[in-house]
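**Q** One structure coming up, written as structure tokens, with questions to follow.
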Amino acid sequence: MAFSPNWKQYGSLLFATLLLNFWAFYNRFPIVFPDTATYIGSGFSGVAPADRPVFYGLFLRHISLSDSLYLPLLLQGFMLTYLLWLWVFYFGWKKHQRLQLLGLVFLLTFFTGASIQVSQLIPDVFASLLLLSAGLLVLAPALTRKHLVVTSLLFFFSLVTHNSHLLILWAIAILWAILGLLRWRPAGTPQTLRRWGLVLLLGLAAQVAIPTSSWLGGQGFRSSRAGHVFLMTRMVDWGIIDRYLEKACPEKGYRFCEYRDQIPKANFLWDYENSPLYKTGGWEANEAEYQAILKDILRQRQLRGPLILYALEDAWKQFFSLAIGDTTWNNPEQSIAHLSISLYYPALERSFLWSLQQRSLLEFTTLNLHHRYLIGGCLSVAVILLLSNLKINQTRQLLCFVLIGLLANAAVCGILSGVFDRYQCRVVFLIIIPLYLLFWQLPAVQLFISKLTADVKEL
């Protein structure tokens with residue numbers, strides 16, 4: 001598929017974009033999550049929230065033109081379509097590439113959670129855009145200048161939409177380097193090393209851009225003002241805090257000690273009525289104390305072992321937690337999502353309340369069944385191919401990169417935030433793409449498609 005301008009190319013991209021927005025159109029409104037309210041509010045105020053960057057909020061406000069929330073979804077779908085197109089163009093069969101693209105988008109839309117990621121008003125889809133764009137920058141040496149520039153821009157914007165994305169990038173870089181030293185992955189080229197330099201440079205630029213945006217909003221030069229809260233939540237989840245406070249409380253006058261017997265069994269972070277976090281003043285009031293506790297925990301040898309063990313367990317659990325639908329429950333009237341829509345998009349309130357999501361009519365049983373078997377099968381085939389001696393170097397490189405990305409995503413999210421299906425669901429469908437492109441390069445498949453298209457032309 002040549003990249004000269006013509007209506008067939010644009011038509012394919014447009015159709016694929018609309019297809020990836022299937023669940024938003026089917027729902028009759030973009031899929032909304034409680035976090036959507038935070039992003040919309042930050043976009044209109046221009047102030048970064050305590051626990052995330054402001055960029056996705058600004059994206060929602062300006063791309064929506066403060067009027068239509070479908071516009072950001074269409075752009076999200078187009079960005080994903082565009083990167084899938086580039087993967088087909090540079091890594092797929094050189095013939096019938098429009099057909100390959102449309103087949104891939106159909107598969108991802110109706111058999112995985114890709115369309116859910118595109119159709120919701122949170123930046124989860126940018127995690128997959130991050131991995132796709134990084135894969136192109138590192139593994140596609142023949143990228144034209146135009147594609148290099150556009151891919152770099154998409155990569156950079158994907159990085160700044162969420163703090164976890166930068167951590168995922170650094171984790172990928174470390175894992176890729178380790179596998180290279182151990183010679184467990186296909187060897188790179190000098191061009192690959194130069195591209196890695198570009199990727200890391202863009203990562204450093206994003207690392208500066210996020211705290212700079214916070215500083216410009218009057219929040220100080222910090223990427224996040226909530227790291228201590230999330231880490232403390234993990235200490236509570238793993239029971240580490242109970243072990244620590246048992247010995248520390250008699251010696252140290254932490255305010256936390258007053259409520260050590262009242263810690264909720266679940267939801268330490270969001271239980272506003274019962275959590276010690278809020279009984280002692282909230283996020284900012286506890287920063288100094290929580291940081292002191294966290295540093296002390298890390299210094300204690302008897303706690304480091306269990307801490308590492310629980311972290312590895314949650315990373316592994318997160319890798320296989322990939323069910324679709326945990327961001328699609330209804331947001332009742334007067335919920336934070338409803339109030340945000342009614343405040344900033346009052347003309348859309350009726351559509352929001354009448355959507356299938358808000359009437360609890362979205363159902364993913366069949367999709368989850370297809371999704372689990374497809375992803376499980378692809379992961380198994382990927383491991384077999386990586387361990388085989390088949391001469392499929394390009395596919396092995398792509399599979400290795402995607403698997404590293406999935407592992408990095410699972411480690412960052414599972415360890416630092418908790419095990420939730422939405423975190424892995426947002427990227428796990430990428431494992432299909434290298435295998436799909438390999439399928440199209442099988443001689444039998446190419447012969448069949450060539451004969452089929454020839455017969456169609458004769459008709």
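A note on labels: chains of the structure tokens are A, B, ... as shown, every chain counts residues from 1, and ligands are counted from 1 in their shown order.
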Do you know which residues are at most 10 Å from region 240-249 of chain A counting only C-alpha atoms, after dropping those on the same chain fewer than 4 positions away, and could you put them as a PDB file with C-alpha atoms, in the first residue's frame?
**A**
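The result, stored in result-v2.pdb:
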```
ATOM      1  CA  MET A 232       1.392   3.550  51.473  1.00  0.00           C
ATOM      2  CA  THR A 233      -1.733   1.952  50.016  1.00  0.00           C
ATOM      3  CA  ARG A 234       0.412  -0.907  48.724  1.00  0.00           C
ATOM      4  CA  MET A 235       2.011  -1.312  52.166  1.00  0.00           C
ATOM      5  CA  VAL A 236      -1.492  -1.614  53.608  1.00  0.00           C
ATOM      6  CA  GLY A 253       4.871   9.158  67.592  1.00  0.00           C
ATOM      7  CA  TYR A 254       3.251   8.671  64.215  1.00  0.00           C
ATOM      8  CA  ARG A 255      -0.347   9.894  63.907  1.00  0.00           C
ATOM      9  CA  PHE A 256      -0.977   6.700  61.938  1.00  0.00           C
ATOM     10  CA  CYS A 257      -0.453   4.736  65.169  1.00  0.00           C
ATOM     11  CA  GLU A 258      -3.674   6.105  66.649  1.00  0.00           C
ATOM     12  CA  ARG A 260      -3.566   1.211  63.355  1.00  0.00           C
ATOM     13  CA  ASP A 261      -6.448  -0.990  64.543  1.00  0.00           C
ATOM     14  CA  ILE A 263      -7.315   0.346  58.906  1.00  0.00           C
ATOM     15  CA  ILE A 293       7.497   5.498  57.234  1.00  0.00           C
ATOM     16  CA  LEU A 294       8.203   4.284  53.699  1.00  0.00           C
ATOM     17  CA  ASP A 296      12.074   3.241  57.322  1.00  0.00           C
ATOM     18  CA  ILE A 297      10.307   0.187  55.886  1.00  0.00           C
ATOM     19  CA  GLN A 300      14.493  -2.858  57.499  1.00  0.00           C
ATOM     20  CA  GLN A 302      13.203  -8.280  57.715  1.00  0.00           C
ATOM     21  CA  LEU A 303      10.548  -6.373  55.716  1.00  0.00           C
ATOM     22  CA  ARG A 304      12.408  -6.163  52.390  1.00  0.00           C
ATOM     23  CA  PRO A 306       8.254 -10.027  52.014  1.00  0.00           C
ATOM     24  CA  LEU A 307       7.987  -6.696  50.197  1.00  0.00           C
ATOM     25  CA  TYR A 310       4.491  -9.546  47.333  1.00  0.00           C
TER      26      TYR A 310
END
```
**Q** Quick one: everything within 7 Å of region 93-105 of chain A, counting only C-alpha atoms, minus sequence neighbours fewer than 2 positions away in the same chain. Send it as a PDB file with C-alpha atoms, in the first residue's frame.
**A**
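Saved the output as out.pdb:
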```pdb
ATOM      1  CA  MET A   1       0.000   0.000   0.000  1.00  0.00           C
ATOM      2  CA  SER A  12      -9.596   2.776   4.909  1.00  0.00           C
ATOM      3  CA  ALA A  16     -10.993   1.677  10.685  1.00  0.00           C
ATOM      4  CA  LEU A  20     -12.505   1.148  16.661  1.00  0.00           C
ATOM      5  CA  TRP A  85      -1.267   1.085   9.613  1.00  0.00           C
ATOM      6  CA  VAL A  88       1.266  -3.229   8.676  1.00  0.00           C
ATOM      7  CA  PHE A  89       3.243  -1.112   6.228  1.00  0.00           C
ATOM      8  CA  LEU A 107     -10.181  -8.641  14.900  1.00  0.00           C
ATOM      9  CA  LEU A 108      -9.142  -6.162  17.605  1.00  0.00           C
ATOM     10  CA  THR A 109     -12.577  -4.526  17.752  1.00  0.00           C
ATOM     11  CA  TRP A 440      -0.152 -12.838   6.313  1.00  0.00           C
ATOM     12  CA  GLN A 441       3.418 -13.697   5.317  1.00  0.00           C
TER      13      GLN A 441
END
```
**Q** Fewer than 3 positions away in the same chain doesn't count, so skip those; otherwise give me all residues within 7 Å of region 29-38 of chain A, counting only C-alpha atoms, as a list in words.
**A** Ala24, Phe25, Gly41, Ser42, Leu69, Tyr70, Ser119, Gln120, Leu121, Ile122, Thr327, Thr328, Ile336, Ala337, Ser340, Ser351, Phe352 and Ser355 of chain A
**Q** What separation in Å, quoted to one decimal, exists between CA of Ala285 (chain A) and CA of Val229 (chain A)?
**A**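 Atom-to-atom, CA of Ala285 (chain A) and CA of Val229 (chain A) are spaced 10.8 Å apart.
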**Q** What's the 10 Å shell around Phe44 (chain A), counting only C-alpha atoms, without same-chain residues fewer than 2 positions away, as JSON, numbers by chain?
**A** {"A": [39, 40, 41, 42, 46, 47, 54, 57, 58, 60, 61, 62, 66, 344]}
**Q** Deliver the residues from the most recent selection as a file, using C-alpha atoms, as an mmCIF file, in the first residue's frame.
**A**
```
data_model
loop_
_atom_site.group_PDB
_atom_site.id
_atom_site.type_symbol
_atom_site.label_atom_id
_atom_site.label_comp_id
_atom_site.auth_asym_id
_atom_site.auth_seq_id
_atom_site.Cartn_x
_atom_site.Cartn_y
_atom_site.Cartn_z
ATOM 1 C CA TYR A 39 -9.524 14.793 33.697
ATOM 2 C CA ILE A 40 -12.355 17.033 32.502
ATOM 3 C CA GLY A 41 -11.977 19.292 35.534
ATOM 4 C CA SER A 42 -8.214 19.605 35.052
ATOM 5 C CA GLY A 46 -5.618 24.088 33.557
ATOM 6 C CA VAL A 47 -4.352 22.769 36.899
ATOM 7 C CA VAL A 54 -2.818 17.803 33.079
ATOM 8 C CA GLY A 57 -7.492 16.857 30.510
ATOM 9 C CA LEU A 58 -6.380 19.591 28.104
ATOM 10 C CA LEU A 60 -10.346 16.402 26.212
ATOM 11 C CA ARG A 61 -11.242 20.067 26.595
ATOM 12 C CA HIS A 62 -9.722 21.367 23.372
ATOM 13 C CA SER A 66 -16.068 22.129 24.741
ATOM 14 C CA TYR A 344 -18.866 21.330 31.731
#
```
**Q** Just list as JSON, numbers by chain whatever in region 214-338 of chain A DSSP marks as helix (DSSP H, G or I).
**A** {"A": [214, 215, 216, 227, 228, 229, 230, 231, 232, 233, 234, 235, 236, 237, 240, 241, 242, 243, 244, 245, 246, 247, 248, 255, 256, 257, 258, 259, 276, 277, 278, 279, 287, 288, 289, 290, 291, 292, 293, 294, 295, 296, 297, 298, 299, 301, 302, 303, 304, 305, 306, 307, 308, 309, 310, 311, 312, 313, 314, 315, 316, 317, 318, 319, 336, 337, 338]}
**Q** State, in Å with one decimal place, the distance from CA of Ile431 (chain A) to CA of Leu390 (chain A).
**A**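 Distance reported for this atom pair: 18.5 Å.
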**Q** Can you tell me how far CA of Leu132 (chain A) sits from CA of Ala408 (chain A), in Å to one decimal?
**A**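 According to the coordinates, CA of Leu132 (chain A) and CA of Ala408 (chain A) are separated by 14.1 Å.
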**Q** What lies within 9 Å of Asn286 (chain A) using only C-alpha atoms, ignoring chain neighbours under 5 positions off, as a PyMOL selection string?
**A** chain A and resi 228-229+255+277+280-281+291
**Q** Out of A:Gly43, A:Gly227, A:Gly113, A:Pro276, which residue has the shortest atom-to-atom distance to Phe22 (chain A) when counting only C-alpha atoms?
**A**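 The shortest atom-to-atom distance to Phe22 (chain A) comes from A:Gly113.
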**Q** Of the residues A:Ser133, A:Thr112, A:Gln9, A:Ser152, which is the one nearest to Thr366 (chain A), using only C-alpha atoms?
**A**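 Using only C-alpha atoms, the shortest distance to Thr366 (chain A) belongs to A:Thr112.
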**Q** I want to know what sits within 9 Å of region 209-223 of chain A, based on only C-alpha atoms, with residues of the same chain fewer than 3 positions away left out; could you give that as a list in words?
**A**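 The filter keeps Gly46, Val47, Ala48, Pro49, Ala50, Asp51, Arg52, Pro53, Val54, Phe55, Val160, Thr161, Asn163, Leu204, Ala205 and Ala206 of chain A.
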**Q** If we count only C-alpha atoms, what is near Leu369 (chain A) at a cut-off of 10 Å, once residues fewer than 2 positions away on the same chain are taken out, given as a list in words?
**A**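 Final neighbour list, sorted by chain and number: Phe111, Thr112, Ala323, Ile324, Phe364, Thr365, Thr366, Leu367, His371, Arg372, Tyr373 and Leu374 of chain A.
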**Q** Just N, CA and C atoms for this one: save the residues we selected as a short mmCIF file (atom, residue, chain, number, x, y, z; two decimals), in the first residue's frame.
**A**
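Output file out-v2.cif follows:
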```cif
data_model
loop_
_atom_site.label_atom_id
_atom_site.label_comp_id
_atom_site.auth_asym_id
_atom_site.auth_seq_id
_atom_site.Cartn_x
_atom_site.Cartn_y
_atom_site.Cartn_z
N PHE A 111 -12.98 -8.94 19.05
CA PHE A 111 -12.47 -10.10 19.79
C PHE A 111 -11.51 -9.71 20.92
N THR A 112 -11.28 -8.42 21.12
CA THR A 112 -10.42 -7.97 22.22
C THR A 112 -11.03 -6.71 22.85
N ALA A 323 -9.51 -9.04 32.12
CA ALA A 323 -10.93 -9.08 31.76
C ALA A 323 -11.41 -7.71 31.29
N ILE A 324 -12.36 -7.72 30.38
CA ILE A 324 -12.92 -6.49 29.81
C ILE A 324 -14.13 -6.05 30.64
N PHE A 364 -20.44 -7.89 28.60
CA PHE A 364 -19.24 -8.32 27.87
C PHE A 364 -18.93 -9.80 28.05
N THR A 365 -19.91 -10.61 28.38
CA THR A 365 -19.65 -12.02 28.64
C THR A 365 -19.06 -12.72 27.42
N THR A 366 -19.70 -12.56 26.28
CA THR A 366 -19.23 -13.22 25.05
C THR A 366 -17.89 -12.66 24.61
N LEU A 367 -17.76 -11.33 24.65
CA LEU A 367 -16.50 -10.71 24.27
C LEU A 367 -15.36 -11.17 25.17
N HIS A 371 -12.03 -13.06 24.06
CA HIS A 371 -10.81 -12.34 24.42
C HIS A 371 -9.85 -13.23 25.19
N ARG A 372 -10.35 -13.94 26.19
CA ARG A 372 -9.48 -14.78 27.01
C ARG A 372 -8.82 -15.88 26.20
N TYR A 373 -9.62 -16.56 25.37
CA TYR A 373 -9.05 -17.67 24.58
C TYR A 373 -8.09 -17.16 23.52
N LEU A 374 -8.43 -16.04 22.88
CA LEU A 374 -7.56 -15.49 21.84
C LEU A 374 -6.24 -15.02 22.43
#
```
